[in-house]
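Enquirer: Below you will find the structure I want to go over with you.
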Amino acid sequence: MGAGHTHPLYVHEHSVVHHLPAHVKVVAVFTFTALVATAPREHLLAFAGATVALLIGLRVARVRLRFLLPRLAVVTPFLVGAVLLPFVASGPRTEVLGIPLAVEGLWGGFGIAARAILGASASLLLVATTEVPDLLRGLERLRAPRLLTQIAAFMVRYLEVIVGEVSRQRRAMTARGYDPRWLWQLRPLTAGLGVLFVRSYERGERVHAAMRARGFEGSMPVLLAERPAGARVWTVALALPAMMVVARIAAVLVHG
Amino acid sequence: MHAPDGFLTAPTAIVTGVLSAGAMAASIRASRPELDDDRIPLAGVTAAFVFAAQMVNFPVAAGTTGHLMGGALAAVLLGPSLGLLVVAVVVIVQAIGFADGGLTALGYNVFNMAVVTALGGWAVFRGLRRFLPATATGVTLAAFVASVASVVLSAMAFSLQWLFGASAAVPFDTVFTAMVGVHTLIGIGEGLVTAGVVAAVLAVRPDLVRGADGIDRAAGPAKLPRARFVLAAVAASLVVAIGVAQFAVDDPDGLERVAEDTGFIASAEEHALGSSVFADYATAGVENETVSLAIAGAVGTLVTLAVGTGLLLLVRDRRRGGAAAHAPTA
């Protein structure tokens with residue numbers, strides 16, 4: 001938290017991908033993910049194609065695998081489930097190294113794992129190359145309701161304040177020799193959360209009063225009018241889902 | 001509970017996506033009159049609070065932690081419509097801005113974590129407030145039960161979606177038992193957190209609790225209801241009864257826990273019933289058709305009833321309370 005105001009998932013670079021407008025990237029990544037999530041799990045070629053497309057995307061964006069891989073930990077618990085599936089699913093079985101594994105479970109596990117990893121990687125590619133305020137403006141350009149993007153904008157703005165408050169509270173608690181971690185110690189934890197809420201709320205009220213005093217009337221002023229995204233920009237961004245479309249078609253041709 | 005991409009089938013994702021979008025659109029319409037002036041920053045603070053609170057993992061059983069979903073809490077604090085939107089924003093930003101939960105899984109993630117918890121929780125909360133005394137203690141207790149119910153309803157909704165859109169051959173009964181079992185425990189944790197926060201806010205700034213309108217403030221600050229401690233004791237003994245040994249691995253959250261655990265339970269059943277039962281097993285999700293469908297039907301009715309009641313309350317309050325919504329705070 002101490003290191004400036006950049007997002008922990010953002011990679012500061014000046015690649016082509018970083019310079020693409022946020023809303024174009026959101027559309028591209030969403031289309032790509034939808035194509036991955038709907039690919040039949042028997043179409044191995046489609047998943048291979050998705051992997052290649054993502055690797056190319058990461059390379060162009062200058063996001064290193066060393067950065068990406070640890071952050072895929074978000075999906076690990078689901079991967080554990082996927083690994084267990086072959087042992088527990090019902091249906092006909094096959095022998096691998098003398099261990100009976102359910103065919104259905106193997107496919108199911110593969111499907112869940114492949115889609116979860118590829119989907120999360122695509123999201124990470126988006127987040128690593130786009131700062132959150134830009135993302136929110138991008139969503140606004142995609143006609144997301146203003147109410148939602150504004151709540152989100154204020155949320156992101158207050159998040160670090162609240163996280164700071166939490167860590168101060170915790171430090172104060174541990175400094176006094178108290179480290180609640182069990183169910184019967186829940187009470188100080190919840191009382192702390194209650195105090196946290198009231199404090200943040202009152203801070204929000206003060207900030208809001210200050211904003212009103214400076215002429216805030218319900219929406220933030222736009223300083224720089226954004227240029228409309230040209231055809232070239234769209235072509236670059238949509239190359240990612242386009243590669244996936246090719247992979248899907250190839251998979252249909254090969255796997256039938 | 002943040003499911004990844006492709007965890008459920010595409011039709012499930014689309015149907016839940018349409019339902020979530022509909023509920024959010026209704027909420028936006030419903031909360032417009034009260035947002036005319038300037039409550040957006042305050043909604044933003046609450047969203048940040050829920051976001052931060054979701055990062056605080058609280059212990060459920062030895063080795064298992066749960067995190068707040070916050071739907072019931074947000075609904076009690078801000079009212080159902082704004083509460084729903086706040087949690088929906090949290091889930092959406094986590095998916096788009098933090099790669100937590102799949103982009104194409106947003107339909108069911110928003111539905112289970114925001115729509116069901118906020119509307120279902122609000123329906124239970126309002127129902128309970130009719131019977132409980134209009135005091136801070138009554139509101140706190142209602143908030144506790146409502147948020148336990150909201151988490152269980154959310155788990156039920158997920159199991160139902162699994163019935164229709166399973167991506168792997170784990171039967172509905174197994175998923176249902178495991179999901180609802182684990183989430184009852186998580187729900188008790190969530191309930192205690194919600195009750196604690198509501199009690200603390202009621203004691204300091206009762207005007208910030210939308211769900212506490214019409215309470216008797218002369219009754220003094222919220223005293224800790226004895227019932228909460230009784231329930232906590234029941235919860236603790238439940239944990240012991242279910243068996244601490246089951247929860248031995250890392251510290252995954254509820255759905256993740258189930259994703260791991262269903263495996264063991266399924267294999268246990270398989271040994272008990274013999275593999276022949278599964279020989280012509282075709283549909284992922286339905287094992288014993290009669291029982292499964294009976295449970296699924298009952299659960300479906302329950303979830304629909306709770307969410308429907310919440311939505312109805314939301315719309316009715318809006319029609320009736322156009323003026324009341326403008327009532328000044330403090």
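The way I read the labels, and the way they are meant: chains A, B, ... in the order of the structure tokens, residue 1 as the first residue of every chain, and ligand 1 as the first ligand shown, with later ones counted on from there.
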Using only C-alpha atoms, which protein or nucleic acid residues come within 6 Å of range 156-167 of chain B? Drop anything in the same chain fewer than 4 positions from it, and give the result as a ChimeraX atom specification.
Expert: /B:8-9,12,172,176,285
Enquirer: Mind writing the picked residues with N, CA and C atoms as a PDB file, in the first residue's frame?
Expert:
ATOM      1  N   LEU B   8     -20.021 -22.965 -14.614  1.00  0.00           N
ATOM      2  CA  LEU B   8     -21.350 -23.451 -14.974  1.00  0.00           C
ATOM      3  C   LEU B   8     -21.507 -23.244 -16.476  1.00  0.00           C
ATOM      4  N   THR B   9     -22.514 -23.919 -17.064  1.00  0.00           N
ATOM      5  CA  THR B   9     -22.650 -23.868 -18.517  1.00  0.00           C
ATOM      6  C   THR B   9     -23.083 -22.484 -19.007  1.00  0.00           C
ATOM      7  N   THR B  12     -26.716 -21.284 -18.351  1.00  0.00           N
ATOM      8  CA  THR B  12     -26.890 -20.868 -16.954  1.00  0.00           C
ATOM      9  C   THR B  12     -26.331 -19.472 -16.747  1.00  0.00           C
ATOM     10  N   PHE B 172     -26.354 -33.459  -7.865  1.00  0.00           N
ATOM     11  CA  PHE B 172     -26.972 -32.327  -7.194  1.00  0.00           C
ATOM     12  C   PHE B 172     -27.009 -32.512  -5.684  1.00  0.00           C
ATOM     13  N   PHE B 176     -25.512 -29.996  -3.087  1.00  0.00           N
ATOM     14  CA  PHE B 176     -26.469 -29.319  -2.217  1.00  0.00           C
ATOM     15  C   PHE B 176     -26.102 -29.512  -0.750  1.00  0.00           C
ATOM     16  N   GLY B 285     -25.661 -34.043 -12.525  1.00  0.00           N
ATOM     17  CA  GLY B 285     -26.494 -33.191 -11.685  1.00  0.00           C
ATOM     18  C   GLY B 285     -27.676 -33.924 -11.093  1.00  0.00           C
TER      19      GLY B 285
END
Enquirer: Mind running chain A against chain B at 7 Å and telling me each contacting residue's nearest atom pair with the distance in Å (one decimal), counting only C-alpha atoms, chain and number ascending, as JSON lines?
Expert:
{"residue": "A:Phe30", "atom": "CA", "partner": "B:Leu103", "partner_atom": "CA", "distance": 6.6}
{"residue": "A:Thr33", "atom": "CA", "partner": "B:Thr104", "partner_atom": "CA", "distance": 6.7}
{"residue": "A:Ala34", "atom": "CA", "partner": "B:Thr104", "partner_atom": "CA", "distance": 6.0}
{"residue": "A:Ala37", "atom": "CA", "partner": "B:Gly6", "partner_atom": "CA", "distance": 4.6}
{"residue": "A:Thr38", "atom": "CA", "partner": "B:Ala10", "partner_atom": "CA", "distance": 6.2}
{"residue": "A:Val74", "atom": "CA", "partner": "B:Asp100", "partner_atom": "CA", "distance": 6.4}
{"residue": "A:Val75", "atom": "CA", "partner": "B:Pro4", "partner_atom": "CA", "distance": 6.9}
{"residue": "A:Pro77", "atom": "CA", "partner": "B:Glu256", "partner_atom": "CA", "distance": 5.3}
{"residue": "A:Phe78", "atom": "CA", "partner": "B:Glu256", "partner_atom": "CA", "distance": 6.0}
{"residue": "A:Val80", "atom": "CA", "partner": "B:Glu260", "partner_atom": "CA", "distance": 6.2}
{"residue": "A:Gly81", "atom": "CA", "partner": "B:Glu260", "partner_atom": "CA", "distance": 4.4}
{"residue": "A:Leu84", "atom": "CA", "partner": "B:Gly263", "partner_atom": "CA", "distance": 6.3}
{"residue": "A:Leu85", "atom": "CA", "partner": "B:Gly263", "partner_atom": "CA", "distance": 6.4}
{"residue": "A:Val88", "atom": "CA", "partner": "B:Ser267", "partner_atom": "CA", "distance": 5.1}
{"residue": "A:Ala89", "atom": "CA", "partner": "B:Ala169", "partner_atom": "CA", "distance": 5.7}
{"residue": "A:Ser90", "atom": "CA", "partner": "B:Phe278", "partner_atom": "CA", "distance": 6.3}
{"residue": "A:Gly91", "atom": "CA", "partner": "B:Phe278", "partner_atom": "CA", "distance": 6.1}
{"residue": "A:Glu104", "atom": "CA", "partner": "B:Ala169", "partner_atom": "CA", "distance": 6.8}
{"residue": "A:Gly105", "atom": "CA", "partner": "B:Ala169", "partner_atom": "CA", "distance": 6.6}
{"residue": "A:Gly108", "atom": "CA", "partner": "B:Ala168", "partner_atom": "CA", "distance": 4.6}
{"residue": "A:Ile112", "atom": "CA", "partner": "B:Phe7", "partner_atom": "CA", "distance": 6.0}
{"residue": "A:Arg115", "atom": "CA", "partner": "B:Gly6", "partner_atom": "CA", "distance": 5.7}
{"residue": "A:Ala116", "atom": "CA", "partner": "B:Pro4", "partner_atom": "CA", "distance": 5.1}
{"residue": "A:Gly119", "atom": "CA", "partner": "B:Asp5", "partner_atom": "CA", "distance": 5.6}
{"residue": "A:Ala120", "atom": "CA", "partner": "B:Ala99", "partner_atom": "CA", "distance": 6.0}
{"residue": "A:Ser123", "atom": "CA", "partner": "B:Ala99", "partner_atom": "CA", "distance": 5.2}
{"residue": "A:Leu124", "atom": "CA", "partner": "B:Ala99", "partner_atom": "CA", "distance": 5.7}
{"residue": "A:Val127", "atom": "CA", "partner": "B:Gly97", "partner_atom": "CA", "distance": 5.8}
{"residue": "A:Val132", "atom": "CA", "partner": "B:Gly97", "partner_atom": "CA", "distance": 6.1}
{"residue": "A:Leu148", "atom": "CA", "partner": "B:Val89", "partner_atom": "CA", "distance": 6.5}
{"residue": "A:Ile151", "atom": "CA", "partner": "B:Gly44", "partner_atom": "CA", "distance": 4.5}
{"residue": "A:Ala152", "atom": "CA", "partner": "B:Val89", "partner_atom": "CA", "distance": 6.1}
{"residue": "A:Phe154", "atom": "CA", "partner": "B:Gly44", "partner_atom": "CA", "distance": 4.7}
{"residue": "A:Met155", "atom": "CA", "partner": "B:Gly44", "partner_atom": "CA", "distance": 4.4}
{"residue": "A:Val156", "atom": "CA", "partner": "B:Ala48", "partner_atom": "CA", "distance": 6.8}
{"residue": "A:Tyr158", "atom": "CA", "partner": "B:Ala48", "partner_atom": "CA", "distance": 6.0}
{"residue": "A:Leu159", "atom": "CA", "partner": "B:Ala48", "partner_atom": "CA", "distance": 5.0}
{"residue": "A:Ile162", "atom": "CA", "partner": "B:Phe49", "partner_atom": "CA", "distance": 6.9}
{"residue": "A:Val163", "atom": "CA", "partner": "B:Ala52", "partner_atom": "CA", "distance": 6.4}
{"residue": "A:Arg181", "atom": "CA", "partner": "B:Pro59", "partner_atom": "CA", "distance": 6.6}
{"residue": "A:Trp182", "atom": "CA", "partner": "B:Pro59", "partner_atom": "CA", "distance": 5.9}
{"residue": "A:Leu183", "atom": "CA", "partner": "B:Pro59", "partner_atom": "CA", "distance": 5.9}
{"residue": "A:Thr190", "atom": "CA", "partner": "B:Gly196", "partner_atom": "CA", "distance": 4.9}
{"residue": "A:Ala191", "atom": "CA", "partner": "B:Gly196", "partner_atom": "CA", "distance": 5.6}
{"residue": "A:Leu193", "atom": "CA", "partner": "B:Val197", "partner_atom": "CA", "distance": 6.0}
{"residue": "A:Gly194", "atom": "CA", "partner": "B:Val197", "partner_atom": "CA", "distance": 3.9}
{"residue": "A:Val195", "atom": "CA", "partner": "B:Ala200", "partner_atom": "CA", "distance": 6.6}
{"residue": "A:Phe197", "atom": "CA", "partner": "B:Phe49", "partner_atom": "CA", "distance": 6.6}
{"residue": "A:Val198", "atom": "CA", "partner": "B:Val201", "partner_atom": "CA", "distance": 6.2}
{"residue": "A:Ser200", "atom": "CA", "partner": "B:Val45", "partner_atom": "CA", "distance": 6.7}
{"residue": "A:Tyr201", "atom": "CA", "partner": "B:Val45", "partner_atom": "CA", "distance": 6.2}
{"residue": "A:Gly204", "atom": "CA", "partner": "B:Leu42", "partner_atom": "CA", "distance": 6.1}
{"residue": "A:Glu205", "atom": "CA", "partner": "B:Leu42", "partner_atom": "CA", "distance": 6.9}
{"residue": "A:His208", "atom": "CA", "partner": "B:Pro41", "partner_atom": "CA", "distance": 6.7}
{"residue": "A:Gly218", "atom": "CA", "partner": "B:Asp38", "partner_atom": "CA", "distance": 6.2}
Enquirer: Quote the spacing between CA of Met113 in chain B and CA of Gly308 in chain B in Å to one decimal place.
Expert: 15.9 Å
Enquirer: For Leu72 in chain A, work out the shell of residues within 8 Å, counting only C-alpha atoms and skipping chain neighbours fewer than 3 positions away, then give it as a ChimeraX atom specification.
Expert: /A:68-69,75-76,117,120-121
Enquirer: Which of range 6-255 of chain A end up as helix (DSSP H, G or I) when DSSP is run on this backbone - answer as a PyMOL selection string?
Expert: chain A and resi 16-19+22-37+44-60+65-88+103-129+132-141+146-175+183-213+231-255
Enquirer: Quick one: distance from CA of Val116 in chain B to CA of Thr16 in chain B in Å, one decimal?
Expert: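 CA of Thr16 in chain B lies 11.2 Å from CA of Val116 in chain B.
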Enquirer: Calculate how many Å separate CA of Gly71 in chain B from CA of Ala146 in chain B, rounding to one decimal.
Expert: 10.0 Å
Enquirer: Could you list, as a PyMOL selection string, every residue within 7 Å of Arg41 in chain A, counting only C-alpha atoms and ignoring same-chain residues fewer than 3 positions away?
Expert: chain A and resi 44+107+111
